[in-house]
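Q: Below is the structure I would like to discuss, written out as structure tokens.
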Amino acid sequence: MPITGTTRMLGLIGNPVEHSKSPAMYNYCFRKYGLDWAYLAFSVSAEQTGDAIQALRTLNMRGANVTMPCKSAVLPYLDCLTPAAKAIGAVNTIVNDSGLLTGHNTDGFGYTENLRRHGVSVSGKKIVLLGGGGAATAIAAQAALEDAAELRVFNLKDAFWPKLEESMSRIRAAAPNCKITLHDLADQELLREKIESADILSNATRVGMAPDEDGCLIPSPEWLRKELIVTDVVYAPPETKLLRMAREMGCLTCDGLGMLLCQGAEAFRLYSGLGMPVEEIRKLLYA
Ligand code: NAD
């Protein structure tokens, strides 16, 4: 579609955004469906977040994706939040419905949707979750809201630990039926014991991400068994050492790229009500 006087704008806000594949992904979908929309990336600091949201209102943008460092900074400027965004304490998608701005977080949904595409529901599952940052918190909240039975979260006991305890309390309040416990990643004996009785092992740390491609928090394939479902949030490389080890043990694996595409697809659905051609986008942008 050519840009005209009626074209409506959407965008990505955060910093850095120059490397983002979101403009290519969303503009491809707009063209495919003949939507009179255009998507740009805007470099916005945490301090500028309020101004950026005011611009979104003033310019009557359809919506925006939000990345670091604005994901939590946007919260006070929005009119309402979904239960997932509230429990996570961060927003990655804003939808503008006639001036009412709703903050969503599709990261955790991207994770559970990617599992559904592999025939797995998190409902009733025991999950060992490695990590306590943005990706891990989103996965924990969505899995708890989708009735996971148990979440054992293992993270480094570093300066962020008190913040992580707060996040887990927020998620417990939003989904009281899910048993959520927080453990020190250094307790390897407990980690191995919990993996032995888990249904899903989820790496939501940076470990394994390029250039640390040999990084893996599971010291030996013997910690895995073929009934275990193993997932990773890291998408560069597409197959991490953990996923390779799990695949070789016969486990079902789900990669970070699938999660990334599914969170983007959900944001596109929220903007347009339409389905994103996920496999087309995977080939176009990530082949
Ligand atoms: P973050 O900085 O918020 O959290 C990083 C996490 O990794 C923390 O829990 C930290 O304790 C842990 N960690 C870092 N180094 C570690 C080490 N050596 N040993 C043990 N734990 C360690 O980052 P984030 O936003 O949560 O991103 C984490 C990863 O997830 C990145 O690789 C990012 O690209 C990826 N990610 C993927 C998606 C997706 O859709 N697939 C979405 C968001 C993030």
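Residues in the structure tokens are named by chain (A, B, ... in the order shown) and by number from 1 within that chain; ligands are numbered from 1 in the order shown.
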Show me, as an MDAnalysis selection string, the residues that have an atom within 8 Å of range 241-246 of chain A when counting only C-alpha atoms, minus same-chain residues fewer than 4 positions from it.
A: chainID A and resid 208 213:218 221 224 226 230:232 250:255
Q: Excluding Ala52 in chain A and any residue of its chain fewer than 3 positions from it, enumerate the residues within 12 Å of it, using only C-alpha atoms, and give them as a list of chain:residue names.
A: A:Gly11, A:Leu12, A:Ile13, A:Gly14, A:Ala41, A:Phe42, A:Ser43, A:Val44, A:Ser45, A:Ala46, A:Glu47, A:Gln48, A:Thr49, A:Ala55, A:Leu56, A:Arg57, A:Thr58, A:Leu59, A:Met61, A:Gly63, A:Ala64, A:Asn65, A:Val66, A:Cys70, A:Ala73, A:Val74, A:Tyr77, A:Leu78, A:Ile94
Q: I need the chosen residues saved as a PDB file, in the first residue's frame, with N, CA and C atoms.
A:
```pdb
ATOM      1  N   GLY A  11       4.264   1.666  15.723  1.00  0.00           N
ATOM      2  CA  GLY A  11       5.712   1.736  15.858  1.00  0.00           C
ATOM      3  C   GLY A  11       6.246   0.939  17.013  1.00  0.00           C
ATOM      4  N   LEU A  12       7.567   0.946  17.077  1.00  0.00           N
ATOM      5  CA  LEU A  12       8.284   0.316  18.191  1.00  0.00           C
ATOM      6  C   LEU A  12       8.943   1.444  18.971  1.00  0.00           C
ATOM      7  N   ILE A  13       8.807   1.415  20.307  1.00  0.00           N
ATOM      8  CA  ILE A  13       9.525   2.409  21.120  1.00  0.00           C
ATOM      9  C   ILE A  13      10.474   1.695  22.093  1.00  0.00           C
ATOM     10  N   GLY A  14      11.636   2.289  22.295  1.00  0.00           N
ATOM     11  CA  GLY A  14      12.656   1.721  23.173  1.00  0.00           C
ATOM     12  C   GLY A  14      14.021   2.146  22.667  1.00  0.00           C
ATOM     13  N   ALA A  41      10.362   2.423  13.656  1.00  0.00           N
ATOM     14  CA  ALA A  41      11.017   2.233  14.961  1.00  0.00           C
ATOM     15  C   ALA A  41      11.473   3.590  15.486  1.00  0.00           C
ATOM     16  N   PHE A  42      11.196   3.868  16.773  1.00  0.00           N
ATOM     17  CA  PHE A  42      11.542   5.160  17.376  1.00  0.00           C
ATOM     18  C   PHE A  42      12.449   4.929  18.580  1.00  0.00           C
ATOM     19  N   SER A  43      13.580   5.613  18.590  1.00  0.00           N
ATOM     20  CA  SER A  43      14.494   5.501  19.720  1.00  0.00           C
ATOM     21  C   SER A  43      13.976   6.380  20.863  1.00  0.00           C
ATOM     22  N   VAL A  44      13.589   5.735  21.978  1.00  0.00           N
ATOM     23  CA  VAL A  44      12.973   6.447  23.112  1.00  0.00           C
ATOM     24  C   VAL A  44      13.658   5.981  24.397  1.00  0.00           C
ATOM     25  N   SER A  45      14.110   6.926  25.223  1.00  0.00           N
ATOM     26  CA  SER A  45      14.745   6.560  26.496  1.00  0.00           C
ATOM     27  C   SER A  45      13.654   6.368  27.557  1.00  0.00           C
ATOM     28  N   ALA A  46      14.038   5.806  28.708  1.00  0.00           N
ATOM     29  CA  ALA A  46      13.064   5.608  29.792  1.00  0.00           C
ATOM     30  C   ALA A  46      12.432   6.952  30.175  1.00  0.00           C
ATOM     31  N   GLU A  47      13.266   8.001  30.228  1.00  0.00           N
ATOM     32  CA  GLU A  47      12.770   9.331  30.637  1.00  0.00           C
ATOM     33  C   GLU A  47      11.790   9.905  29.621  1.00  0.00           C
ATOM     34  N   GLN A  48      11.913   9.519  28.378  1.00  0.00           N
ATOM     35  CA  GLN A  48      11.040  10.056  27.315  1.00  0.00           C
ATOM     36  C   GLN A  48       9.745   9.251  27.139  1.00  0.00           C
ATOM     37  N   THR A  49       9.558   8.224  27.963  1.00  0.00           N
ATOM     38  CA  THR A  49       8.439   7.302  27.728  1.00  0.00           C
ATOM     39  C   THR A  49       7.083   8.019  27.779  1.00  0.00           C
ATOM     40  N   ALA A  55       2.511  11.255  22.460  1.00  0.00           N
ATOM     41  CA  ALA A  55       2.571  11.363  20.995  1.00  0.00           C
ATOM     42  C   ALA A  55       1.669  10.319  20.342  1.00  0.00           C
ATOM     43  N   LEU A  56       1.679   9.123  20.927  1.00  0.00           N
ATOM     44  CA  LEU A  56       0.838   8.039  20.396  1.00  0.00           C
ATOM     45  C   LEU A  56      -0.643   8.465  20.420  1.00  0.00           C
ATOM     46  N   ARG A  57      -1.025   9.158  21.530  1.00  0.00           N
ATOM     47  CA  ARG A  57      -2.415   9.657  21.637  1.00  0.00           C
ATOM     48  C   ARG A  57      -2.654  10.784  20.629  1.00  0.00           C
ATOM     49  N   THR A  58      -1.735  11.761  20.623  1.00  0.00           N
ATOM     50  CA  THR A  58      -1.922  12.948  19.778  1.00  0.00           C
ATOM     51  C   THR A  58      -1.993  12.573  18.299  1.00  0.00           C
ATOM     52  N   LEU A  59      -1.133  11.643  17.892  1.00  0.00           N
ATOM     53  CA  LEU A  59      -1.058  11.264  16.468  1.00  0.00           C
ATOM     54  C   LEU A  59      -2.057  10.164  16.108  1.00  0.00           C
ATOM     55  N   MET A  61      -2.099   7.077  16.788  1.00  0.00           N
ATOM     56  CA  MET A  61      -1.481   5.840  16.283  1.00  0.00           C
ATOM     57  C   MET A  61      -2.348   4.650  16.682  1.00  0.00           C
ATOM     58  N   GLY A  63      -1.222   1.769  17.549  1.00  0.00           N
ATOM     59  CA  GLY A  63      -0.602   1.093  18.683  1.00  0.00           C
ATOM     60  C   GLY A  63       0.906   1.110  18.568  1.00  0.00           C
ATOM     61  N   ALA A  64       1.540   0.433  19.528  1.00  0.00           N
ATOM     62  CA  ALA A  64       3.001   0.381  19.529  1.00  0.00           C
ATOM     63  C   ALA A  64       3.479  -0.856  20.256  1.00  0.00           C
ATOM     64  N   ASN A  65       4.611  -1.347  19.805  1.00  0.00           N
ATOM     65  CA  ASN A  65       5.333  -2.352  20.587  1.00  0.00           C
ATOM     66  C   ASN A  65       6.325  -1.596  21.455  1.00  0.00           C
ATOM     67  N   VAL A  66       6.648  -2.207  22.590  1.00  0.00           N
ATOM     68  CA  VAL A  66       7.509  -1.543  23.567  1.00  0.00           C
ATOM     69  C   VAL A  66       8.651  -2.479  23.905  1.00  0.00           C
ATOM     70  N   CYS A  70      11.720   0.787  28.118  1.00  0.00           N
ATOM     71  CA  CYS A  70      10.409   1.422  28.346  1.00  0.00           C
ATOM     72  C   CYS A  70       9.326   0.458  28.846  1.00  0.00           C
ATOM     73  N   ALA A  73       8.398   1.348  32.316  1.00  0.00           N
ATOM     74  CA  ALA A  73       8.205   2.809  32.412  1.00  0.00           C
ATOM     75  C   ALA A  73       6.864   3.245  31.808  1.00  0.00           C
ATOM     76  N   VAL A  74       6.287   2.480  30.878  1.00  0.00           N
ATOM     77  CA  VAL A  74       5.012   2.898  30.247  1.00  0.00           C
ATOM     78  C   VAL A  74       3.811   2.703  31.179  1.00  0.00           C
ATOM     79  N   TYR A  77       1.351   5.479  32.282  1.00  0.00           N
ATOM     80  CA  TYR A  77       0.775   6.344  31.240  1.00  0.00           C
ATOM     81  C   TYR A  77      -0.380   5.681  30.484  1.00  0.00           C
ATOM     82  N   LEU A  78      -0.674   4.427  30.804  1.00  0.00           N
ATOM     83  CA  LEU A  78      -1.708   3.700  30.049  1.00  0.00           C
ATOM     84  C   LEU A  78      -3.044   3.733  30.793  1.00  0.00           C
ATOM     85  N   ILE A  94       0.993  -1.984  22.992  1.00  0.00           N
ATOM     86  CA  ILE A  94      -0.065  -1.039  23.383  1.00  0.00           C
ATOM     87  C   ILE A  94      -1.053  -0.961  22.229  1.00  0.00           C
TER      88      ILE A  94
END
```
Q: For Asn92 in chain A, which residue out of A:Lys71, A:Arg62, A:Lys32, A:Lys179 is the nearest one, using only C-alpha atoms?
A: A:Lys71
Q: Range 145-286 of chain A: which residues are helix (DSSP H, G or I) by DSSP, as a PyMOL selection string?
A: chain A and resi 145+161-174+188-196+221-223+241-248+256-272+278-286
Q: Could you tell me how far CA of Leu81 in chain A lies from CA of Leu101 in chain A, in Å and to one decimal?
A: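 Distance between the two atoms: 8.7 Å.
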Q: Give me, as a VMD selection string, all polymer residues having an atom no more than 12 Å from Val234 in chain A, counting only C-alpha atoms and skipping those fewer than 4 positions away in the same chain.
A: chain A and resid 111 131 135 to 136 202 to 213 215 to 216 238 to 243 254 to 260
Q: Write out, as a CSV table (one decimal), in the first residue's frame, the residues just selected, with N, CA and C atoms.
A:
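Output contents, as saved in selection-v1.csv:
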```csv
chain,number,residue,atom,x,y,z
A,111,TYR,N,5.3,-17.7,24.4
A,111,TYR,CA,5.9,-18.9,24.9
A,111,TYR,C,4.9,-20.1,24.9
A,131,GLY,N,16.0,-18.7,35.4
A,131,GLY,CA,16.1,-17.3,35.1
A,131,GLY,C,15.0,-16.5,35.8
A,135,ALA,N,12.2,-12.0,30.4
A,135,ALA,CA,11.6,-13.2,29.7
A,135,ALA,C,11.1,-14.2,30.7
A,136,ALA,N,11.8,-14.5,31.7
A,136,ALA,CA,11.4,-15.5,32.7
A,136,ALA,C,10.1,-15.0,33.4
A,202,SER,N,12.6,-25.1,31.2
A,202,SER,CA,12.6,-23.9,30.4
A,202,SER,C,13.8,-23.0,30.7
A,203,ASN,N,14.7,-22.8,29.7
A,203,ASN,CA,15.8,-21.8,30.0
A,203,ASN,C,15.3,-20.5,29.6
A,204,ALA,N,15.2,-19.5,30.5
A,204,ALA,CA,14.8,-18.1,30.2
A,204,ALA,C,15.9,-17.2,30.7
A,205,THR,N,17.2,-17.7,30.7
A,205,THR,CA,18.4,-16.8,30.9
A,205,THR,C,19.0,-16.5,29.6
A,206,ARG,N,20.1,-15.7,29.7
A,206,ARG,CA,20.8,-15.4,28.5
A,206,ARG,C,21.8,-16.5,28.1
A,207,VAL,N,22.0,-17.4,29.0
A,207,VAL,CA,23.1,-18.4,28.8
A,207,VAL,C,22.8,-19.2,27.6
A,208,GLY,N,23.8,-19.3,26.7
A,208,GLY,CA,23.7,-20.0,25.4
A,208,GLY,C,23.5,-19.1,24.3
A,209,MET,N,23.3,-17.8,24.6
A,209,MET,CA,23.2,-16.7,23.5
A,209,MET,C,24.5,-16.4,23.0
A,210,ALA,N,24.6,-16.2,21.6
A,210,ALA,CA,25.9,-15.8,21.0
A,210,ALA,C,26.4,-14.5,21.6
A,211,PRO,N,27.7,-14.4,21.9
A,211,PRO,CA,28.8,-15.3,21.5
A,211,PRO,C,29.0,-16.4,22.5
A,212,ASP,N,28.2,-16.6,23.5
A,212,ASP,CA,28.4,-17.6,24.5
A,212,ASP,C,27.7,-18.9,24.1
A,213,GLU,N,28.0,-19.4,22.9
A,213,GLU,CA,27.2,-20.5,22.3
A,213,GLU,C,27.5,-21.8,23.0
A,215,GLY,N,27.6,-22.0,26.2
A,215,GLY,CA,27.0,-21.9,27.6
A,215,GLY,C,25.8,-22.8,27.7
A,216,CYS,N,25.6,-23.4,28.9
A,216,CYS,CA,24.5,-24.3,29.1
A,216,CYS,C,24.4,-24.5,30.6
A,238,PRO,N,19.7,-20.3,16.7
A,238,PRO,CA,18.4,-20.9,16.8
A,238,PRO,C,18.3,-22.1,17.6
A,239,GLU,N,19.4,-23.0,17.6
A,239,GLU,CA,19.4,-24.1,18.4
A,239,GLU,C,20.6,-24.0,19.4
A,240,THR,N,20.2,-23.8,20.7
A,240,THR,CA,21.3,-23.6,21.7
A,240,THR,C,21.8,-25.0,22.1
A,241,LYS,N,22.9,-24.9,22.9
A,241,LYS,CA,23.5,-26.2,23.3
A,241,LYS,C,22.5,-27.0,24.1
A,242,LEU,N,21.7,-26.3,25.0
A,242,LEU,CA,20.7,-27.0,25.8
A,242,LEU,C,19.7,-27.7,24.8
A,243,LEU,N,19.2,-27.0,23.8
A,243,LEU,CA,18.3,-27.7,22.9
A,243,LEU,C,18.9,-28.8,22.1
A,254,CYS,N,11.4,-26.8,22.0
A,254,CYS,CA,10.8,-25.6,21.4
A,254,CYS,C,11.8,-24.5,21.5
A,255,ASP,N,12.0,-23.8,20.4
A,255,ASP,CA,13.1,-22.8,20.4
A,255,ASP,C,12.6,-21.4,20.6
A,256,GLY,N,13.5,-20.5,20.9
A,256,GLY,CA,13.2,-19.1,21.2
A,256,GLY,C,12.7,-18.4,20.0
A,257,LEU,N,13.0,-18.8,18.8
A,257,LEU,CA,12.5,-18.1,17.6
A,257,LEU,C,11.0,-18.3,17.5
A,258,GLY,N,10.6,-19.5,17.8
A,258,GLY,CA,9.2,-19.8,17.8
A,258,GLY,C,8.4,-18.9,18.7
A,259,MET,N,9.0,-18.7,19.9
A,259,MET,CA,8.4,-17.9,20.9
A,259,MET,C,8.3,-16.4,20.4
A,260,LEU,N,9.4,-16.0,19.8
A,260,LEU,CA,9.5,-14.6,19.3
A,260,LEU,C,8.5,-14.4,18.2
```
Q: Just checking: using only C-alpha atoms and all ligand atoms, which residue out of A:His183, A:Arg269, A:Arg225, A:Arg192 ends up closest to ligand 1?
A: A:His183
Q: Residues near range 163-173 of chain A, anyone? I mean within 7 Å using only C-alpha atoms, not counting same-chain ones fewer than 5 positions away, as number ranges by chain.
A: A: 87-88, 132, 141, 180
Q: Run DSSP on the backbone and give me the residues of range 28-145 of chain A it puts in strand (DSSP E), as a list in words.
A: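 So the strand (DSSP E) residues in range 28-145 of chain A would be Trp37, Ala38, Tyr39, Leu40, Ala41, Phe42, Ser43, Gly63, Ala64, Asn65, Val66, Cys80, Leu81, Thr93, Ile94, Val95, Asn96, Asp97, Leu100, Leu101, Thr102, Gly103, His104, Lys126, Ile127, Val128, Leu129 and Leu130 of chain A.
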Q: Which neighbours of Glu279 in chain A fall inside 10 Å, counting only C-alpha atoms, when residues of the same chain fewer than 3 positions from it are skipped, and could you give them as a PyMOL selection string?
A: chain A and resi 258+261+276+282-284
Q: Can you list, as a list in words, every protein, DNA or RNA residue that comes within 8 Å of Asp79 in chain A when you count only C-alpha atoms, leaving out same-chain residues fewer than 6 positions away?
A: Leu100, Leu101, Thr102 and Gly103 of chain A
Q: Would you mind exporting all heavy atoms of the selected residues as a PDB file, in the first residue's frame?
A:
```pdb
ATOM      1  N   LEU A 100      -8.468   4.962  24.016  1.00  0.00           N
ATOM      2  CA  LEU A 100      -8.225   4.162  25.224  1.00  0.00           C
ATOM      3  C   LEU A 100      -7.004   3.273  24.985  1.00  0.00           C
ATOM      4  O   LEU A 100      -7.027   2.416  24.099  1.00  0.00           O
ATOM      5  CB  LEU A 100      -9.457   3.296  25.542  1.00  0.00           C
ATOM      6  CG  LEU A 100      -9.328   2.524  26.846  1.00  0.00           C
ATOM      7  CD1 LEU A 100      -9.810   3.379  28.021  1.00  0.00           C
ATOM      8  CD2 LEU A 100     -10.129   1.221  26.787  1.00  0.00           C
ATOM      9  N   LEU A 101      -5.955   3.513  25.773  1.00  0.00           N
ATOM     10  CA  LEU A 101      -4.712   2.753  25.570  1.00  0.00           C
ATOM     11  C   LEU A 101      -4.637   1.563  26.528  1.00  0.00           C
ATOM     12  O   LEU A 101      -4.609   1.748  27.745  1.00  0.00           O
ATOM     13  CB  LEU A 101      -3.488   3.645  25.792  1.00  0.00           C
ATOM     14  CG  LEU A 101      -3.328   4.880  24.914  1.00  0.00           C
ATOM     15  CD1 LEU A 101      -1.926   5.446  25.057  1.00  0.00           C
ATOM     16  CD2 LEU A 101      -3.624   4.594  23.452  1.00  0.00           C
ATOM     17  N   THR A 102      -4.598   0.350  25.951  1.00  0.00           N
ATOM     18  CA  THR A 102      -4.482  -0.861  26.768  1.00  0.00           C
ATOM     19  C   THR A 102      -3.080  -1.436  26.620  1.00  0.00           C
ATOM     20  O   THR A 102      -2.583  -1.599  25.508  1.00  0.00           O
ATOM     21  CB  THR A 102      -5.525  -1.920  26.324  1.00  0.00           C
ATOM     22  OG1 THR A 102      -6.821  -1.340  26.425  1.00  0.00           O
ATOM     23  CG2 THR A 102      -5.466  -3.164  27.205  1.00  0.00           C
ATOM     24  N   GLY A 103      -2.467  -1.754  27.766  1.00  0.00           N
ATOM     25  CA  GLY A 103      -1.136  -2.359  27.765  1.00  0.00           C
ATOM     26  C   GLY A 103      -1.241  -3.868  27.877  1.00  0.00           C
ATOM     27  O   GLY A 103      -1.854  -4.390  28.812  1.00  0.00           O
TER      28      GLY A 103
END
```
Q: Between A:Arg8, A:Ser20, A:Cys29, A:Met249, which has the minimum distance to Glu280 in chain A (counting only C-alpha atoms)?
A: A:Cys29
Q: Measuring between only C-alpha atoms and all ligand atoms, which one of A:Trp161, A:Trp223, A:Tyr286, A:Tyr33 shows the shortest distance to ligand 1?
A: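 Counting only C-alpha atoms and all ligand atoms, the residue closest to ligand 1 is A:Trp161.
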Q: Between A:Ala265, A:Leu201, A:Leu145, A:Val122, which residue has the minimum interatomic distance to ligand 1, considering only C-alpha atoms and all ligand atoms?
A: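 Looking at the shortest contact to ligand 1, the residue is A:Ala265.
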Q: For CA of Gly99 in chain A and CA of Arg31 in chain A, quote the distance in Å rounded to one decimal.
A: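 Computing it gives 25.0 Å between the two atoms.
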Q: Taking only C-alpha atoms and all ligand atoms into account, name the residue in A:Ala287, A:Glu189, A:Met25, A:Asp107 that is nearest to ligand 1.
A: A:Asp107
